[in-house]
file run-v1.tsv (TSV, C-alpha atoms)
chain	number	residue	atom	x	y	z
X	1	MET	CA	-103.27	54.84	-34.99
X	2	PRO	CA	-106.95	54.06	-34.89
X	3	VAL	CA	-108.70	50.78	-35.45
X	4	LYS	CA	-112.01	51.15	-37.28
X	5	VAL	CA	-115.05	49.24	-36.10
X	6	ILE	CA	-116.83	47.74	-39.11
X	7	LYS	CA	-119.20	45.52	-37.07
X	8	PRO	CA	-119.32	45.70	-33.28
X	9	GLY	CA	-120.34	42.10	-32.51
X	10	LEU	CA	-123.06	41.52	-29.93
X	11	LEU	CA	-121.66	43.57	-27.07
X	12	THR	CA	-117.96	44.30	-27.39
X	13	THR	CA	-116.54	46.50	-24.67
X	14	ILE	CA	-113.20	48.07	-23.90
X	15	GLN	CA	-111.89	46.50	-20.68
X	16	ASP	CA	-108.72	46.64	-18.62
X	17	LEU	CA	-108.29	45.35	-15.06
X	18	GLY	CA	-110.96	47.73	-13.76
X	19	ARG	CA	-111.31	50.58	-11.28
X	20	PRO	CA	-110.88	49.31	-7.72
X	21	GLY	CA	-111.64	51.61	-4.82
X	22	TYR	CA	-115.12	52.95	-5.56
X	23	PHE	CA	-117.41	50.04	-4.69
X	24	HIS	CA	-118.45	51.77	-1.47
X	25	LEU	CA	-119.85	54.53	-3.70
X	26	GLY	CA	-121.72	51.99	-5.82
X	27	ILE	CA	-119.20	51.93	-8.67
X	28	PRO	CA	-118.01	48.38	-9.26
X	29	ILE	CA	-114.48	47.31	-10.14
X	30	GLY	CA	-115.58	46.30	-13.65
X	31	GLY	CA	-112.80	45.23	-15.99
X	32	ALA	CA	-112.32	41.97	-17.85
X	33	MET	CA	-114.64	39.17	-16.71
X	34	ASP	CA	-111.77	36.71	-17.38
X	35	ARG	CA	-108.75	38.55	-16.03
X	36	VAL	CA	-106.12	35.89	-16.76
X	37	SER	CA	-107.15	35.87	-20.43
X	38	LEU	CA	-106.86	39.66	-20.72
X	39	ARG	CA	-103.49	39.70	-18.93
X	40	THR	CA	-102.20	36.94	-21.20
X	41	ALA	CA	-103.40	38.63	-24.40
X	42	ASN	CA	-101.58	41.80	-23.33
X	43	LEU	CA	-98.35	39.92	-22.53
X	44	LEU	CA	-98.42	38.29	-25.97
X	45	VAL	CA	-98.45	41.67	-27.74
X	46	GLY	CA	-95.84	43.28	-25.48
X	47	ASN	CA	-98.26	45.43	-23.45
X	48	ASP	CA	-98.52	45.92	-19.73
X	49	GLU	CA	-100.87	43.25	-18.37
X	50	GLY	CA	-103.39	45.89	-17.40
X	51	ALA	CA	-103.59	47.63	-20.79
X	52	ALA	CA	-107.07	48.03	-22.23
X	53	GLY	CA	-108.23	45.52	-24.82
X	54	LEU	CA	-111.56	44.43	-26.21
X	55	GLU	CA	-113.88	41.93	-24.54
X	56	ALA	CA	-116.20	40.32	-27.11
X	57	VAL	CA	-119.02	38.18	-25.80
X	58	PHE	CA	-120.38	35.28	-27.92
X	59	LEU	CA	-120.02	37.13	-31.24
X	60	GLY	CA	-116.78	38.74	-32.41
X	61	PRO	CA	-116.49	42.20	-33.94
X	62	GLU	CA	-115.06	43.03	-37.36
X	63	LEU	CA	-112.19	45.53	-37.17
X	64	GLU	CA	-110.09	47.26	-39.81
X	65	PHE	CA	-106.53	48.23	-38.95
X	66	THR	CA	-105.09	51.51	-40.30
X	67	GLU	CA	-101.52	50.69	-39.23
X	68	ASP	CA	-99.46	47.52	-38.79
X	69	ALA	CA	-99.90	46.01	-35.32
X	70	THR	CA	-99.39	42.91	-33.24
X	71	ILE	CA	-102.60	41.37	-31.92
X	72	ALA	CA	-103.53	38.35	-29.78
X	73	VAL	CA	-106.88	36.79	-29.02
X	74	THR	CA	-107.34	34.69	-25.89
X	75	GLY	CA	-110.25	33.38	-23.82
X	76	ALA	CA	-113.15	31.81	-25.68
X	77	ASP	CA	-112.53	29.60	-28.71
X	78	LEU	CA	-113.81	32.03	-31.32
X	79	PRO	CA	-112.19	31.29	-34.70
X	80	ILE	CA	-109.91	34.21	-35.61
X	81	LEU	CA	-109.87	35.44	-39.20
X	82	ILE	CA	-107.45	37.93	-40.72
X	83	ASP	CA	-108.78	38.81	-44.18
X	84	ASP	CA	-110.84	35.60	-43.93
X	85	VAL	CA	-107.81	33.36	-43.26
X	86	GLU	CA	-108.07	31.44	-39.96
X	87	GLN	CA	-105.36	32.16	-37.38
X	88	PRO	CA	-104.41	30.50	-34.08
X	89	GLY	CA	-105.65	31.79	-30.74
X	90	TRP	CA	-103.40	32.55	-27.72
X	91	THR	CA	-100.69	33.58	-30.21
X	92	ALA	CA	-99.07	36.89	-31.20
X	93	LEU	CA	-100.20	37.67	-34.75
X	94	LYS	CA	-99.05	40.39	-37.13
X	95	ILE	CA	-101.77	42.35	-38.85
X	96	LYS	CA	-101.05	44.91	-41.57
X	97	ALA	CA	-102.58	48.29	-42.31
X	98	GLY	CA	-105.74	47.76	-44.35
X	99	GLN	CA	-106.32	44.20	-43.12
X	100	ARG	CA	-109.50	43.15	-41.35
X	101	LEU	CA	-109.81	41.09	-38.19
X	102	GLY	CA	-113.02	39.08	-38.02
X	103	PHE	CA	-114.35	36.01	-36.27
X	104	GLY	CA	-116.23	32.77	-36.99
X	105	TYR	CA	-118.92	31.17	-34.85
X	106	LEU	CA	-118.11	30.56	-31.20
X	107	LYS	CA	-116.91	27.00	-30.49
X	108	SER	CA	-116.52	27.09	-26.72
X	109	GLY	CA	-116.29	29.57	-23.86
X	110	ALA	CA	-118.10	32.90	-23.92
X	111	ARG	CA	-115.69	35.85	-23.98
X	112	ALA	CA	-112.72	36.48	-26.24
X	113	TYR	CA	-110.08	39.08	-25.38
X	114	ILE	CA	-108.43	41.03	-28.17
X	115	ALA	CA	-105.18	42.78	-27.27
X	116	ILE	CA	-103.55	45.21	-29.68
X	117	SER	CA	-99.92	46.33	-29.30
X	118	GLY	CA	-99.99	49.73	-27.59
X	119	GLY	CA	-103.40	49.04	-26.04
X	120	VAL	CA	-106.72	50.78	-26.65
X	121	ASP	CA	-106.10	54.39	-25.69
X	122	THR	CA	-109.53	55.83	-24.90
X	123	PRO	CA	-109.58	58.33	-21.98
X	124	PRO	CA	-109.38	56.69	-18.55
X	125	MET	CA	-112.15	57.55	-16.08
X	126	LEU	CA	-111.55	57.07	-12.36
X	127	GLY	CA	-108.26	55.42	-13.27
X	128	SER	CA	-109.58	52.89	-15.78
X	129	ARG	CA	-110.64	52.58	-19.42
X	130	SER	CA	-113.07	49.76	-18.55
X	131	THR	CA	-116.58	50.20	-19.89
X	132	TYR	CA	-119.25	50.31	-17.20
X	133	ALA	CA	-122.23	50.89	-19.46
X	134	ILE	CA	-124.87	51.27	-16.75
X	135	GLY	CA	-122.88	54.10	-15.19
X	136	ALA	CA	-121.76	55.45	-18.61
X	137	LEU	CA	-118.11	55.26	-17.48
X	138	GLY	CA	-115.07	54.43	-19.60
X	139	GLY	CA	-115.13	52.78	-23.02
X	140	VAL	CA	-116.26	54.89	-25.96
X	141	ASP	CA	-118.38	57.65	-24.38
X	142	GLY	CA	-119.36	55.21	-21.63
X	143	ARG	CA	-120.74	52.57	-23.98
X	144	ALA	CA	-119.87	49.41	-25.92
X	145	ILE	CA	-118.15	49.88	-29.28
X	146	ALA	CA	-120.40	50.59	-32.29
X	147	ALA	CA	-120.04	50.42	-36.07
X	148	GLY	CA	-118.25	53.51	-37.33
X	149	ASP	CA	-116.22	54.04	-34.14
X	150	SER	CA	-112.54	54.74	-34.51
X	151	LEU	CA	-110.62	53.31	-31.55
X	152	PRO	CA	-107.41	55.14	-30.64
X	153	ILE	CA	-104.42	52.84	-30.10
X	154	GLY	CA	-101.34	53.77	-28.06
X	155	ALA	CA	-97.73	53.39	-29.13
X	156	GLY	CA	-96.41	49.90	-28.47
X	157	ALA	CA	-93.24	47.94	-29.03
X	158	GLY	CA	-95.21	44.89	-30.17
X	159	GLY	CA	-94.66	41.31	-29.09
X	160	THR	CA	-92.79	38.52	-30.80
X	161	GLU	CA	-94.76	37.22	-33.76
X	162	GLY	CA	-95.68	33.58	-33.25
X	163	ALA	CA	-95.21	33.65	-29.45
X	164	THR	CA	-97.87	31.35	-28.03
X	165	VAL	CA	-99.24	30.06	-24.74
X	166	ALA	CA	-99.17	26.27	-24.39
X	167	PRO	CA	-102.62	24.60	-24.16
X	168	ASP	CA	-101.96	23.35	-20.60
X	169	LEU	CA	-101.71	26.98	-19.44
X	170	ARG	CA	-105.18	27.77	-20.83
X	171	ARG	CA	-108.12	26.93	-18.61
X	172	ALA	CA	-110.86	24.71	-20.05
X	173	THR	CA	-114.40	24.98	-18.73
X	174	GLY	CA	-115.18	21.24	-18.38
X	175	SER	CA	-118.69	19.80	-18.10
X	176	PRO	CA	-120.46	20.11	-15.80
X	177	VAL	CA	-118.56	23.19	-14.77
X	178	GLU	CA	-117.65	23.20	-11.08
X	179	LEU	CA	-117.80	26.50	-9.23
X	180	ARG	CA	-116.33	26.43	-5.73
X	181	VAL	CA	-118.35	28.19	-3.07
X	182	LEU	CA	-117.58	29.31	0.45
X	183	PRO	CA	-120.92	29.21	2.32
X	184	GLY	CA	-121.46	32.27	4.36
X	185	LEU	CA	-123.18	35.19	5.87
X	186	TYR	CA	-126.82	34.02	5.51
X	187	TRP	CA	-126.20	30.28	5.04
X	188	HIS	CA	-128.10	29.65	8.29
X	189	ARG	CA	-131.27	31.08	6.74
X	190	ILE	CA	-131.95	27.91	4.71
X	191	THR	CA	-132.71	24.43	6.03
X	192	GLU	CA	-130.14	21.61	6.06
X	193	THR	CA	-132.08	19.89	3.27
X	194	ALA	CA	-131.89	23.06	1.17
X	195	GLN	CA	-128.17	23.42	1.94
X	196	ARG	CA	-127.51	19.88	0.69
X	197	GLY	CA	-129.79	20.38	-2.32
X	198	PHE	CA	-127.96	23.50	-3.41
X	199	PHE	CA	-124.70	21.57	-3.75
X	200	ASP	CA	-126.26	18.29	-4.99
X	201	ASP	CA	-128.45	19.77	-7.72
X	202	GLU	CA	-127.31	20.45	-11.24
X	203	TRP	CA	-127.95	24.05	-12.32
X	204	LYS	CA	-127.92	25.59	-15.75
X	205	VAL	CA	-126.73	29.05	-16.79
X	206	ALA	CA	-129.78	31.19	-17.61
X	207	PRO	CA	-129.80	33.40	-20.74
X	208	GLU	CA	-130.05	36.47	-18.45
X	209	ALA	CA	-126.41	36.07	-17.40
X	210	ASP	CA	-124.29	39.19	-18.04
X	211	ARG	CA	-121.44	41.30	-16.64
X	212	MET	CA	-123.47	42.28	-13.56
X	213	GLY	CA	-124.37	38.77	-12.60
X	214	TYR	CA	-124.81	35.21	-13.77
X	215	ARG	CA	-128.21	33.68	-13.10
X	216	PHE	CA	-128.70	29.92	-12.74
X	217	ARG	CA	-131.83	27.80	-12.82
X	218	GLY	CA	-132.86	24.17	-12.73
X	219	GLY	CA	-132.15	23.27	-9.12
X	220	LYS	CA	-134.74	22.92	-6.37
X	221	ALA	CA	-136.18	26.04	-4.73
X	222	LEU	CA	-134.57	26.75	-1.36
X	223	GLU	CA	-136.52	26.14	1.83
X	224	PHE	CA	-136.05	28.79	4.48
X	225	VAL	CA	-135.73	28.47	8.23
X	226	GLU	CA	-138.80	30.21	9.62
X	227	ARG	CA	-138.28	33.50	11.35
X	228	GLU	CA	-140.10	36.71	12.05
X	229	GLN	CA	-138.69	39.11	9.43
X	230	PRO	CA	-136.82	42.00	11.06
X	231	PHE	CA	-138.09	45.53	10.58
X	232	GLY	CA	-137.11	46.83	7.15
X	233	ALA	CA	-136.49	43.42	5.59
X	234	GLY	CA	-139.81	43.00	3.81
X	235	SER	CA	-142.01	39.92	3.97
X	236	ASP	CA	-140.24	37.60	1.51
X	237	PRO	CA	-137.96	35.18	3.40
X	238	SER	CA	-135.16	35.80	0.85
X	239	ASN	CA	-135.10	39.47	1.90
X	240	ILE	CA	-132.80	40.95	4.53
X	241	VAL	CA	-132.30	44.39	5.93
X	242	ASP	CA	-130.04	45.87	3.22
X	243	GLY	CA	-126.46	44.68	3.29
X	244	CYS	CA	-123.24	44.93	1.28
X	245	TYR	CA	-122.81	42.54	-1.65
X	246	PRO	CA	-119.33	41.09	-2.20
X	247	TYR	CA	-118.16	40.18	-5.74
X	248	GLY	CA	-119.02	36.53	-6.30
X	249	SER	CA	-121.76	36.55	-3.68
X	250	ILE	CA	-124.75	34.36	-4.46
X	251	GLN	CA	-128.16	35.90	-3.88
X	252	VAL	CA	-131.31	33.89	-4.42
X	253	PRO	CA	-134.35	36.18	-4.85
X	254	GLY	CA	-137.47	34.31	-3.78
X	255	GLY	CA	-135.28	31.27	-3.09
X	256	THR	CA	-135.53	30.05	-6.68
X	257	GLU	CA	-132.76	31.20	-9.03
X	258	PRO	CA	-129.25	31.87	-7.66
X	259	ILE	CA	-127.45	34.92	-9.09
X	260	VAL	CA	-123.67	35.19	-8.77
X	261	LEU	CA	-122.62	38.85	-8.83
X	262	HIS	CA	-119.72	39.55	-11.19
X	263	ARG	CA	-117.41	42.45	-12.13
X	264	ASP	CA	-120.18	45.00	-12.80
X	265	ALA	CA	-122.06	44.06	-9.60
X	266	VAL	CA	-124.36	46.30	-7.63
X	267	SER	CA	-122.75	47.02	-4.29
X	268	GLY	CA	-125.61	46.33	-1.93
X	269	GLY	CA	-129.27	45.54	-1.47
X	270	GLY	CA	-131.87	43.51	0.30
X	271	TYR	CA	-131.37	39.91	-0.85
X	272	PHE	CA	-129.81	37.34	1.43
X	273	MET	CA	-126.62	35.64	0.20
X	274	ILE	CA	-125.96	31.96	0.79
X	275	GLY	CA	-122.26	32.14	0.02
X	276	THR	CA	-119.59	33.43	-2.32
X	277	VAL	CA	-117.93	31.90	-5.37
X	278	ILE	CA	-114.20	31.91	-4.60
X	279	SER	CA	-112.02	34.46	-6.41
X	280	ALA	CA	-110.11	31.72	-8.26
X	281	ASP	CA	-113.28	30.68	-10.10
X	282	MET	CA	-114.56	34.13	-11.08
X	283	ASP	CA	-112.70	34.09	-14.43
X	284	LEU	CA	-114.32	30.77	-15.23
X	285	ILE	CA	-117.83	32.21	-14.84
X	286	GLY	CA	-116.98	34.76	-17.53
X	287	GLN	CA	-116.54	31.86	-19.96
X	288	LEU	CA	-119.91	30.18	-19.33
X	289	GLN	CA	-122.53	30.06	-22.08
X	290	PRO	CA	-126.26	29.97	-21.46
X	291	HIS	CA	-127.71	26.50	-20.79
X	292	MET	CA	-124.35	25.05	-19.67
X	293	PRO	CA	-124.66	22.65	-16.73
X	294	VAL	CA	-123.00	23.83	-13.52
X	295	ARG	CA	-122.49	22.38	-10.05
X	296	PHE	CA	-121.63	24.37	-6.99
X	297	VAL	CA	-118.97	22.71	-4.83
X	298	GLU	CA	-118.59	23.52	-1.13
X	299	VAL	CA	-115.11	24.54	0.02
X	300	ASP	CA	-113.59	26.03	3.17
X	301	MET	CA	-111.43	29.15	3.49
X	302	GLU	CA	-108.17	27.18	3.41
X	303	THR	CA	-109.11	25.59	0.07
X	304	ALA	CA	-110.22	28.95	-1.29
X	305	LEU	CA	-106.91	30.59	-0.41
X	306	LYS	CA	-104.96	27.65	-1.85
X	307	ALA	CA	-106.96	27.98	-5.09
X	308	ARG	CA	-106.19	31.70	-5.19
X	309	ALA	CA	-102.47	30.95	-4.79
X	310	ASP	CA	-102.72	28.33	-7.56
X	311	ARG	CA	-104.27	30.94	-9.87
X	312	ALA	CA	-101.45	33.37	-9.10
X	313	ALA	CA	-98.92	30.59	-9.76
X	314	LEU	CA	-100.56	29.85	-13.12
X	315	MET	CA	-100.24	33.51	-14.09
X	316	ASN	CA	-96.56	33.38	-13.09
X	317	ARG	CA	-96.03	30.31	-15.27
X	318	ILE	CA	-97.59	32.18	-18.21
X	319	ARG	CA	-95.28	35.16	-17.57
X	320	GLY	CA	-92.30	32.82	-17.35
X	321	ALA	CA	-93.27	31.03	-20.57
X	322	LEU	CA	-93.46	34.38	-22.35
X	323	ASP	CA	-90.21	35.67	-20.79
X	324	ARG	CA	-91.98	38.50	-18.98
G	325	MET	CA	-128.13	20.81	-52.09
G	326	SER	CA	-129.88	22.56	-49.24
G	327	LYS	CA	-128.70	25.87	-47.79
G	328	GLN	CA	-128.36	26.41	-44.07
G	329	ILE	CA	-128.73	29.33	-41.70
G	330	LEU	CA	-126.82	28.88	-38.43
G	331	SER	CA	-127.24	30.59	-35.08
G	332	PRO	CA	-124.56	33.25	-34.54
G	333	LEU	CA	-125.10	33.13	-30.77
G	334	PRO	CA	-125.87	30.80	-27.91
G	335	GLY	CA	-129.19	31.49	-26.21
G	336	THR	CA	-132.91	30.83	-26.58
G	337	PHE	CA	-134.36	30.78	-30.10
G	338	TYR	CA	-137.70	32.40	-30.88
G	339	ARG	CA	-139.51	32.07	-34.19
G	340	LYS	CA	-142.03	34.85	-33.44
G	341	PRO	CA	-141.57	38.58	-32.68
G	342	SER	CA	-143.96	38.15	-29.74
G	343	PRO	CA	-146.08	35.27	-28.40
G	344	ASP	CA	-149.28	36.58	-30.04
G	345	GLU	CA	-147.83	37.18	-33.49
G	346	PRO	CA	-147.25	34.78	-36.39
G	347	PRO	CA	-143.72	33.44	-36.96
G	348	PHE	CA	-141.20	35.56	-38.87
G	349	VAL	CA	-140.95	32.76	-41.46
G	350	ALA	CA	-143.69	30.19	-42.04
G	351	ASP	CA	-142.81	26.49	-42.36
G	352	GLY	CA	-142.19	25.84	-46.04
G	353	GLY	CA	-142.09	29.58	-46.79
G	354	PRO	CA	-139.53	31.63	-48.70
G	355	VAL	CA	-136.62	33.60	-47.20
G	356	ALA	CA	-134.94	36.60	-48.82
G	357	VAL	CA	-131.52	38.08	-48.01
G	358	GLY	CA	-131.92	40.44	-45.05
G	359	ASP	CA	-135.11	38.80	-43.73
G	360	THR	CA	-135.27	38.25	-39.99
G	361	ILE	CA	-135.79	34.53	-39.48
G	362	GLY	CA	-135.96	34.55	-35.68
G	363	LEU	CA	-134.59	35.96	-32.45
G	364	VAL	CA	-131.92	34.67	-30.09
G	365	GLU	CA	-132.32	35.86	-26.53
G	366	VAL	CA	-129.16	36.17	-24.52
G	367	MET	CA	-128.05	38.54	-21.74
G	368	LYS	CA	-131.51	40.13	-21.51
G	369	THR	CA	-131.39	41.22	-25.16
G	370	PHE	CA	-133.07	39.85	-28.26
G	371	HIS	CA	-130.75	39.58	-31.23
G	372	GLU	CA	-132.38	39.38	-34.68
G	373	VAL	CA	-131.00	36.61	-36.87
G	374	LYS	CA	-130.93	37.94	-40.43
G	375	ALA	CA	-130.64	35.73	-43.49
G	376	GLU	CA	-127.47	36.25	-45.52
G	377	ILE	CA	-128.78	33.82	-48.15
G	378	SER	CA	-132.15	33.39	-49.86
G	379	GLY	CA	-134.16	30.28	-50.56
G	380	THR	CA	-137.51	28.54	-50.41
G	381	ASN	CA	-139.23	25.77	-48.45
G	382	ALA	CA	-137.92	26.80	-45.01
G	383	ARG	CA	-137.47	23.81	-42.69
G	384	PHE	CA	-136.68	24.74	-39.08
G	385	ALA	CA	-134.33	22.49	-37.14
G	386	VAL	CA	-135.19	24.01	-33.74
G	387	GLU	CA	-138.51	24.66	-32.07
G	388	ASN	CA	-139.72	27.99	-30.77
G	389	GLU	CA	-138.15	28.77	-27.35
G	390	GLU	CA	-135.59	25.98	-27.67
G	391	PRO	CA	-132.01	26.51	-26.39
G	392	VAL	CA	-129.39	26.83	-29.15
G	393	MET	CA	-125.59	26.92	-29.18
G	394	ALA	CA	-123.56	29.21	-31.45
G	395	GLY	CA	-123.22	27.56	-34.85
G	396	ALA	CA	-126.36	25.42	-34.37
G	397	LEU	CA	-128.47	24.76	-37.47
G	398	LEU	CA	-131.61	26.92	-37.34
G	399	VAL	CA	-133.20	26.49	-40.76
G	400	GLU	CA	-132.60	24.73	-44.03
G	401	LEU	CA	-133.65	26.19	-47.40
G	402	ASP	CA	-133.83	24.88	-50.95
call {"tool": "encode", "arguments": {"input": "run-v1.tsv", "output": "structure tokens"}}
result
Amino acid sequence: MPVKVIKPGLLTTIQDLGRPGYFHLGIPIGGAMDRVSLRTANLLVGNDEGAAGLEAVFLGPELEFTEDATIAVTGADLPILIDDVEQPGWTALKIKAGQRLGFGYLKSGARAYIAISGGVDTPPMLGSRSTYAIGALGGVDGRAIAAGDSLPIGAGAGGTEGATVAPDLRRATGSPVELRVLPGLYWHRITETAQRGFFDDEWKVAPEADRMGYRFRGGKALEFVEREQPFGAGSDPSNIVDGCYPYGSIQVPGGTEPIVLHRDAVSGGGYFMIGTVISADMDLIGQLQPHMPVRFVEVDMETALKARADRAALMNRIRGALDR
Amino acid sequence: MSKQILSPLPGTFYRKPSPDEPPFVADGGPVAVGDTIGLVEVMKTFHEVKAEISGTNARFAVENEEPVMAGALLVELD
């Protein structure tokens, strides 16, 4: 039964785990920026981990339920209100027909995930309900939710009311936030001084950060190794002959402000990339607010793979804790 | 007892609709319910902050173009 959107929040989108397999055609994987949070919210309400929920960034929506449901909100610390009474996060909550789910001001993190028993049941496109607004795919008619929308909800068994995820299984952002980076592909294009500076400097999240990419500023401009630009690369030293962009890759247009590509990334272009944020830290980026201090930390492939395994182990501990 | 308007979002606060225009609310001026008191820029969009309370003698706690966190005090009113 539908959930009515009273207020949409800033930019609240329907997201699941995305649509892999089309990046070579320019369609990104999309899906939740913080995947562990979405998976966990779904587990709490008895859904499949990959069911579609709502991703609210910075400002929560206001929703009215037309049928009893189990809900859970994970991710950012955004005070949860059911009919104006504050409720705990990372916990399965009962909500009754006619009640309203709203939110207070954000305390920490950036994106909250709202799972509803049965999952949001908008039509899948290319195998996913995730909203890719630039390509008008998924979501509600290819866009973020809006006031007056009625969101269809599937049939669900519902989770166990009061089931909760222990605080040590929730990831905190820390300050400064550390993002681990595997240098690569065009690392040789900047001088050794610039390479050291990139990791030594403190950067800050720029307000332009979004689902496509997170921009950072505040560190020193990169100094390039001189070369004669190859045909087709353009004259700026940060340009290359067009290449493929991996998720997490760090491009630095003009050598000044690094941009880490995220779930709604463009698939290729003509900026050089100095490295890639490791997959284990991609969820964390989705929880960064503008102006937060960040450091990039150099790691090797072995460390990156170990971190990926640790992330998978964390998810298994959450499943175990919730008997799933 | 003064009344407060808080920022609903993290981002960059602007007191003016554009650099060449006067501020939405003058220092010491009145504010009515529904008035836009400023903009918060985040994710390449400008979000209007609307007053849900009214008052007089507006005293801004943040400067134009200053970073703000969600829940930060923007303006106090009598």
call {"tool": "atom_distance", "arguments": {"input": "run-v1.tsv", "atom1": "CA of Val355 (chain G)", "atom2": "CA of Gly395 (chain G)"}}
result
19.2 Å
call {"tool": "closest_atom_pairs", "arguments": {"input": "run-v1.tsv", "of": "chain G", "to": "chain X", "cutoff": "8 Å", "atoms": "only C-alpha atoms", "output": "tab-separated table"}}
result
residue	atom	partner	partner_atom	distance
G:Pro332	CA	X:Tyr105	CA	6.0
G:Leu333	CA	X:Phe58	CA	5.9
G:Pro334	CA	X:Pro290	CA	6.5
G:Gly335	CA	X:Pro290	CA	5.8
G:Thr336	CA	X:Pro207	CA	7.1
G:Glu365	CA	X:Pro207	CA	6.8
G:Val366	CA	X:Pro207	CA	4.7
G:Met367	CA	X:Glu208	CA	4.4
G:Lys368	CA	X:Glu208	CA	5.0
G:Pro391	CA	X:His291	CA	7.1
G:Ala394	CA	X:Leu106	CA	5.6
G:Gly395	CA	X:Tyr105	CA	5.6
call {"tool": "atom_distance", "arguments": {"input": "run-v1.tsv", "atom1": "CA of Ile6 (chain X)", "atom2": "CA of Gly286 (chain X)"}}
result
25.2 Å
call {"tool": "residues_around", "arguments": {"input": "run-v1.tsv", "residues": "Ala32 (chain X)", "least_positions_apart": "3", "cutoff": "7 Å", "atoms": "all atoms listed in the file", "output": "list in words"}}
result
Gln15, Asp16, Leu17, Arg35, Leu38 and Glu55 of chain X
call {"tool": "closest_residue", "arguments": {"input": "run-v1.tsv", "among": "X:Asp236, X:Asp300, X:Asp77, X:Asp149", "to": "Ala112 (chain X)", "atoms": "all atoms listed in the file"}}
result
X:Asp77
call {"tool": "closest_residue", "arguments": {"input": "run-v1.tsv", "among": "X:Leu44, X:Val266, X:Ala76, X:Val5", "to": "Cys244 (chain X)", "atoms": "only C-alpha atoms"}}
result
X:Val266
call {"tool": "closest_residue", "arguments": {"input": "run-v1.tsv", "among": "X:Gly232, X:Gln195, X:Arg19, X:Pro237", "to": "Pro124 (chain X)", "atoms": "all atoms listed in the file"}}
result
X:Arg19
call {"tool": "residues_around", "arguments": {"input": "run-v1.tsv", "residues": "Met125 (chain X)", "least_positions_apart": "3", "cutoff": "8 Å", "atoms": "all atoms listed in the file", "output": "ChimeraX atom specification"}}
result
/X:128-129,137-138
call {"tool": "residues_around", "arguments": {"input": "run-v1.tsv", "residues": "Pro152 (chain X)", "least_positions_apart": "3", "cutoff": "7 Å", "atoms": "all atoms listed in the file", "output": "count of residues only"}}
result
6
call {"tool": "atom_distance", "arguments": {"input": "run-v1.tsv", "atom1": "CA of Thr276 (chain X)", "atom2": "CA of Glu302 (chain X)"}}
result
14.2 Å
call {"tool": "residues_near_point", "arguments": {"input": "run-v1.tsv", "point": "(-94.5, 31.3, -17.1)", "cutoff": "12 Å", "atoms": "all atoms listed in the file", "output": "JSON list (two decimals) with C-alpha atoms, in the coordinates of the input"}}
result
[["chain", "number", "residue", "atom", "x", "y", "z"],
["X", 40, "THR", "CA", -102.20, 36.94, -21.20],
["X", 43, "LEU", "CA", -98.35, 39.92, -22.53],
["X", 44, "LEU", "CA", -98.42, 38.29, -25.97],
["X", 164, "THR", "CA", -97.87, 31.35, -28.03],
["X", 165, "VAL", "CA", -99.24, 30.06, -24.74],
["X", 166, "ALA", "CA", -99.17, 26.27, -24.39],
["X", 168, "ASP", "CA", -101.96, 23.35, -20.60],
["X", 169, "LEU", "CA", -101.71, 26.98, -19.44],
["X", 170, "ARG", "CA", -105.18, 27.77, -20.83],
["X", 312, "ALA", "CA", -101.45, 33.37, -9.10],
["X", 313, "ALA", "CA", -98.92, 30.59, -9.76],
["X", 314, "LEU", "CA", -100.56, 29.85, -13.12],
["X", 315, "MET", "CA", -100.24, 33.51, -14.09],
["X", 316, "ASN", "CA", -96.56, 33.38, -13.09],
["X", 317, "ARG", "CA", -96.03, 30.31, -15.27],
["X", 318, "ILE", "CA", -97.59, 32.18, -18.21],
["X", 319, "ARG", "CA", -95.28, 35.16, -17.57],
["X", 320, "GLY", "CA", -92.30, 32.82, -17.35],
["X", 321, "ALA", "CA", -93.27, 31.03, -20.57],
["X", 322, "LEU", "CA", -93.46, 34.38, -22.35],
["X", 323, "ASP", "CA", -90.21, 35.67, -20.79],
["X", 324, "ARG", "CA", -91.98, 38.50, -18.98]]
call {"tool": "residues_around", "arguments": {"input": "run-v1.tsv", "residues": "region 347-350 of chain G", "least_positions_apart": "2", "cutoff": "12 Å", "atoms": "all atoms listed in the file", "output": "PyMOL selection string"}}
result
chain G and resi 337-345+352-356+359-363+372-375+379-384+387-388+398-401
call {"tool": "residues_near_point", "arguments": {"input": "run-v1.tsv", "point": "(-101.3, 45.3, -20.0)", "cutoff": "10 Å", "atoms": "all atoms listed in the file", "output": "PyMOL selection string"}}
result
chain X and resi 16-17+38-53+115-119
call {"tool": "closest_residue", "arguments": {"input": "run-v1.tsv", "among": "G:Ser378, G:Ala385, G:His371, G:Ser331", "to": "Val357 (chain G)", "atoms": "only C-alpha atoms"}}
result
G:Ser378
call {"tool": "closest_residue", "arguments": {"input": "run-v1.tsv", "among": "X:Gly127, X:Gly275, X:Pro88, X:Gly98", "to": "His188 (chain X)", "atoms": "only C-alpha atoms"}}
result
X:Gly275
